[in-house]
Amino acid sequence: MNHWIIAPVVLPAVIAPLIVLLMRHDLVLQRVFSLAATVALCGVAGVLLATAATNPPEAYFLGNWPAPFGIVLVLDRLAAMMVALTAFLALMVQLYAIGSGWDRRGQHFHALFQFQLMGICGAFLTGDAFNLFVFFEVLLIASYGLMIHGGGRARLRSGVQYVAYNLVGSTLFLFALATIYSVAGTLNMADLAERVAALPEGEAAILRVAGVLLLVVFAIKGALVPFQFWLPGTYASAPGPVAALFAVMTKVGAYAVIRVFSLIFPPETPATGAFFSELLLPAALVTLALGAVGVLGAASLGRLVAFGAIASMGTLFTAISGFSPETTAAALFYLLHSTLATAVLFLVADLVLARRGSEDLIQRRPPIAQEGLIASLFFLGAIALAGMPPLSGFLGKLQILDALRGPNMVAVWATVLVTSLLMIVGFARAGSLLFWKSHETLMEADPHEPDVLSFAAVGGLVAALVALTLAAGPVSSALGSVATELAERTPYIAANRLTEQPQ
C-alpha cells in the first residue's frame, strides 16, 4: 500500500494539536509550523496527483482491516485533484491571513485551519460513506470556530445560523446512512456500488428515499436551492481568508454528489435510473438564477461575492446533473475555475474592507490606498466568476453548454447565458461604485501600508486562473480521463479488495 495516501489526513491532524498544546502563546511559532505543514501538504498533494495520473485507483486500509469492516481511503484521479486544489488554495489563504494579520485577531486560528484541512482532505479521500460523515463533521466543527474568528455580533449571529443548518444536514445524513445500511448491509462505497445494482425491484422505493436524503444533505453543503439561505450571511460575515477557504468547502458537497451518484446511483441503476438527475437539474438552474439576481442587487461587496458563489454552485450542479463523462469533465473544469475565482474575490473584498472600513456599495466613500492594484484584481476576479472571455470561466461555461446538448438544452442555455449577463452587470455596477465614483469625493485616500504578502497571495490565485486558461486544452484532456475513470467504476471497486499485506 502507498502510505502517502493517508498523509493529507495525518499531517494536519498531528500539527493542529501540537499548535494548541505547545505553541498557543507564540504566534510566530504557530505561523512557522502551520505554514510548513501546509507547504508539506502541497508537496504530498503533488506526489499523489502524479501517482494517480499514472496508476489505477489505490486503497489504503487502516489497520490492515479489509473493506467493508475497516476504514478505507481511496486515491483516484478525482480525489488527488481535489486534495491538490485544497492544498494550493490553503497555502494562498494562509499567506494572506499572515500578511493581513487576520491570524492575530483571535485565538487558535492556525490550529482550526489545520483541522479544517484534515476534514476536507479526509472527505475527498475516504472510500466509506460513514467516514464521509465523520470528515464532514470534522471540517464543520473547525469551520464553526473559523467562522466566528475575531468576534462581532453579526459574525456570531451568522455563525449560529450556519451551525443550525449544518446540524440539520448532519442529522439527515445519519438517517440516510441508516436507511442505506438497512437495505444494503454495508456503507463502503465500493461494496454499495455492487449491492445497489443487484438489489431486487421491491427495494427501489426505499433506495430512492435514501438517495434523496443524501442529495438533500449534499445540497445543504453545496448551497443548492432551497437550502442556500445560510450561505450569503455566513460568507459575507466571515473573515476574508476564511470565506476564501470556504470556497473549496462548498465544493465538498459537489464532490460528494459526483462521487456517490456516479459510483453508487449511476443512471443505469435499475432501481433509480435518471431520477436523481431529474431532481438536480431544476434545482441547479434556480440556484444559478437566484445567485445572479443576488449579484445584481447586492448592497455590500461581501454579499455580492457570496451570491456569486451561489451562482457558481448553480452552474456547477447544472453540469453535474448530466451524470455523463462529458458533463462530468466540464463540471470538474468549472469546479477548478470557480474555486479560484471565488477565493480571489473574497480576498479582494477583504482588502477593500481593511482600507475603507466598509463594504457598502451604496454610500460614496473616498479613494483607498493601492486602489489601482485592487481595482485590477477585482476586475480580473469579476470577469472570471461572471464567465467573460478570455479567462477560464468563459471556457468552462462553453464546455458545460456543449456537454448539455439534449432535451433540456434550451432551458440550460437560456439560463446560463441570461444569468451571465446579469452577473456582468452586477459586477460592473459594484466596480464602478467602489473604484470609479469614489474619485468624485474631495477626501484623500486612506494611507494604508501595502501588505506585500497579502497581495502576493491574491496574485498567486490570479496567476493560477491565468495558468488554467492557458493550459485549458491539456487540463480538459486530463479531466476527461478523470471523468472516464469515474464512469467505468470497476477499477475503483477493485481497489477496495485487500489482496496483499502493506509493506
# chains A, B, ... in the order shown; residues from 1 in each chain; ligands from 1
>>> select_by_dssp(residues="stretch 187-242 of chain A", states="helix (DSSP H, G or I)", output="PyMOL selection string")
chain A and resi 189-198+201-221+230-237+240-242
>>> write_last_selection(atoms="C-alpha atoms", output="PDB file, in the first residue's frame")
ATOM      1  CA  MET A 189     -18.854   2.867  -1.288  1.00  0.00           C
ATOM      2  CA  ALA A 190     -17.342   0.181  -3.494  1.00  0.00           C
ATOM      3  CA  ASP A 191     -19.488  -2.502  -1.846  1.00  0.00           C
ATOM      4  CA  LEU A 192     -22.540  -0.279  -2.161  1.00  0.00           C
ATOM      5  CA  ALA A 193     -21.893   0.144  -5.882  1.00  0.00           C
ATOM      6  CA  GLU A 194     -22.160  -3.630  -6.340  1.00  0.00           C
ATOM      7  CA  ARG A 195     -25.001  -4.313  -3.922  1.00  0.00           C
ATOM      8  CA  VAL A 196     -27.255  -1.452  -5.014  1.00  0.00           C
ATOM      9  CA  ALA A 197     -27.010  -2.593  -8.623  1.00  0.00           C
ATOM     10  CA  ALA A 198     -28.094  -6.101  -7.555  1.00  0.00           C
ATOM     11  CA  GLU A 201     -37.058  -4.239  -7.680  1.00  0.00           C
ATOM     12  CA  GLY A 202     -39.007  -4.320  -4.408  1.00  0.00           C
ATOM     13  CA  GLU A 203     -36.280  -2.295  -2.680  1.00  0.00           C
ATOM     14  CA  ALA A 204     -36.429   0.537  -5.230  1.00  0.00           C
ATOM     15  CA  ALA A 205     -38.678   2.819  -3.168  1.00  0.00           C
ATOM     16  CA  ILE A 206     -36.591   2.776  -0.005  1.00  0.00           C
ATOM     17  CA  LEU A 207     -33.433   3.142  -2.102  1.00  0.00           C
ATOM     18  CA  ARG A 208     -34.865   6.265  -3.708  1.00  0.00           C
ATOM     19  CA  VAL A 209     -35.686   7.656  -0.267  1.00  0.00           C
ATOM     20  CA  ALA A 210     -32.115   7.083   0.897  1.00  0.00           C
ATOM     21  CA  GLY A 211     -30.733   8.642  -2.281  1.00  0.00           C
ATOM     22  CA  VAL A 212     -32.959  11.709  -1.929  1.00  0.00           C
ATOM     23  CA  LEU A 213     -31.847  12.145   1.686  1.00  0.00           C
ATOM     24  CA  LEU A 214     -28.211  12.046   0.578  1.00  0.00           C
ATOM     25  CA  LEU A 215     -28.949  14.532  -2.190  1.00  0.00           C
ATOM     26  CA  VAL A 216     -30.563  16.880   0.344  1.00  0.00           C
ATOM     27  CA  VAL A 217     -27.519  16.603   2.631  1.00  0.00           C
ATOM     28  CA  PHE A 218     -25.096  17.374  -0.179  1.00  0.00           C
ATOM     29  CA  ALA A 219     -27.375  20.181  -1.393  1.00  0.00           C
ATOM     30  CA  ILE A 220     -27.152  21.788   2.048  1.00  0.00           C
ATOM     31  CA  LYS A 221     -23.361  21.550   1.965  1.00  0.00           C
ATOM     32  CA  TRP A 230     -27.207  30.020   5.116  1.00  0.00           C
ATOM     33  CA  LEU A 231     -24.512  30.969   2.610  1.00  0.00           C
ATOM     34  CA  PRO A 232     -24.897  34.740   1.888  1.00  0.00           C
ATOM     35  CA  GLY A 233     -24.895  35.833   5.522  1.00  0.00           C
ATOM     36  CA  THR A 234     -22.276  33.308   6.576  1.00  0.00           C
ATOM     37  CA  TYR A 235     -19.754  34.057   3.828  1.00  0.00           C
ATOM     38  CA  ALA A 236     -20.342  37.820   3.915  1.00  0.00           C
ATOM     39  CA  SER A 237     -19.780  37.911   7.697  1.00  0.00           C
ATOM     40  CA  GLY A 240     -11.946  37.319   4.356  1.00  0.00           C
ATOM     41  CA  PRO A 241      -9.390  34.486   4.353  1.00  0.00           C
ATOM     42  CA  VAL A 242     -11.891  32.125   5.995  1.00  0.00           C
TER      43      VAL A 242
END
>>> closest_atom_pairs(of="stretch 202-265 of chain A", to="stretch 71-92 of chain A", cutoff="12 Å", atoms="only C-alpha atoms", output="CSV")
residue,atom,partner,partner_atom,distance
A:Pro241,CA,A:Met92,CA,9.1
A:Val242,CA,A:Ala90,CA,9.8
A:Ala243,CA,A:Ala90,CA,11.5
A:Ala244,CA,A:Leu89,CA,8.3
A:Leu245,CA,A:Ala90,CA,6.5
A:Phe246,CA,A:Ala90,CA,10.0
A:Ala247,CA,A:Leu89,CA,9.0
A:Val248,CA,A:Thr86,CA,6.7
A:Met249,CA,A:Thr86,CA,8.9
A:Thr250,CA,A:Thr86,CA,11.7
A:Lys251,CA,A:Met82,CA,9.1
A:Val252,CA,A:Met82,CA,9.0
A:Ala254,CA,A:Met82,CA,11.2
A:Tyr255,CA,A:Met82,CA,8.4
A:Ala256,CA,A:Ala79,CA,10.7
A:Ile258,CA,A:Leu78,CA,9.6
A:Arg259,CA,A:Leu78,CA,8.8
>>> closest_atom_pairs(of="stretch 334-442 of chain A", to="stretch 307-316 of chain A", cutoff="7 Å", atoms="only C-alpha atoms", output="Markdown table")
| residue | atom | partner | partner_atom | distance |
| --- | --- | --- | --- | --- |
| A:Tyr334 | CA | A:Leu316 | CA | 6.6 |
| A:Leu335 | CA | A:Leu316 | CA | 6.6 |
| A:Ser338 | CA | A:Ser312 | CA | 6.3 |
| A:Thr342 | CA | A:Ala309 | CA | 6.2 |
>>> closest_residue(among="A:Val93, A:Ile5, A:Val44, A:Leu479", to="A:Ser454", atoms="only C-alpha atoms")
A:Val93
>>> closest_residue(among="A:Ala464, A:Ala487, A:Ala111, A:Arg105", to="A:Val260", atoms="only C-alpha atoms")
A:Ala487
>>> select_by_dssp(residues="stretch 38-214 of chain A", states="strand (DSSP E)", output="ChimeraX atom specification")
/A:58-61,72-75
>>> write_last_selection(atoms="C-alpha atoms", output="compact mmCIF listing (two decimals), in the first residue's frame")
# COMPACT_ATOMS: atom_id res chain seq x y z
CA GLU A 58 -5.39 2.57 -4.95
CA ALA A 59 -6.81 1.94 -1.47
CA TYR A 60 -5.23 2.39 1.94
CA PHE A 61 -6.61 0.02 4.58
CA VAL A 72 -10.57 2.70 3.75
CA LEU A 73 -9.05 5.68 2.00
CA VAL A 74 -9.05 5.53 -1.79
CA LEU A 75 -6.78 7.54 -4.08
>>> residues_around(residues="A:Leu290", least_positions_apart="4", cutoff="12 Å", atoms="only C-alpha atoms", output="PyMOL selection string")
chain A and resi 223-229+232+283-286+294-298+306-315+415-416+418-420+422-423
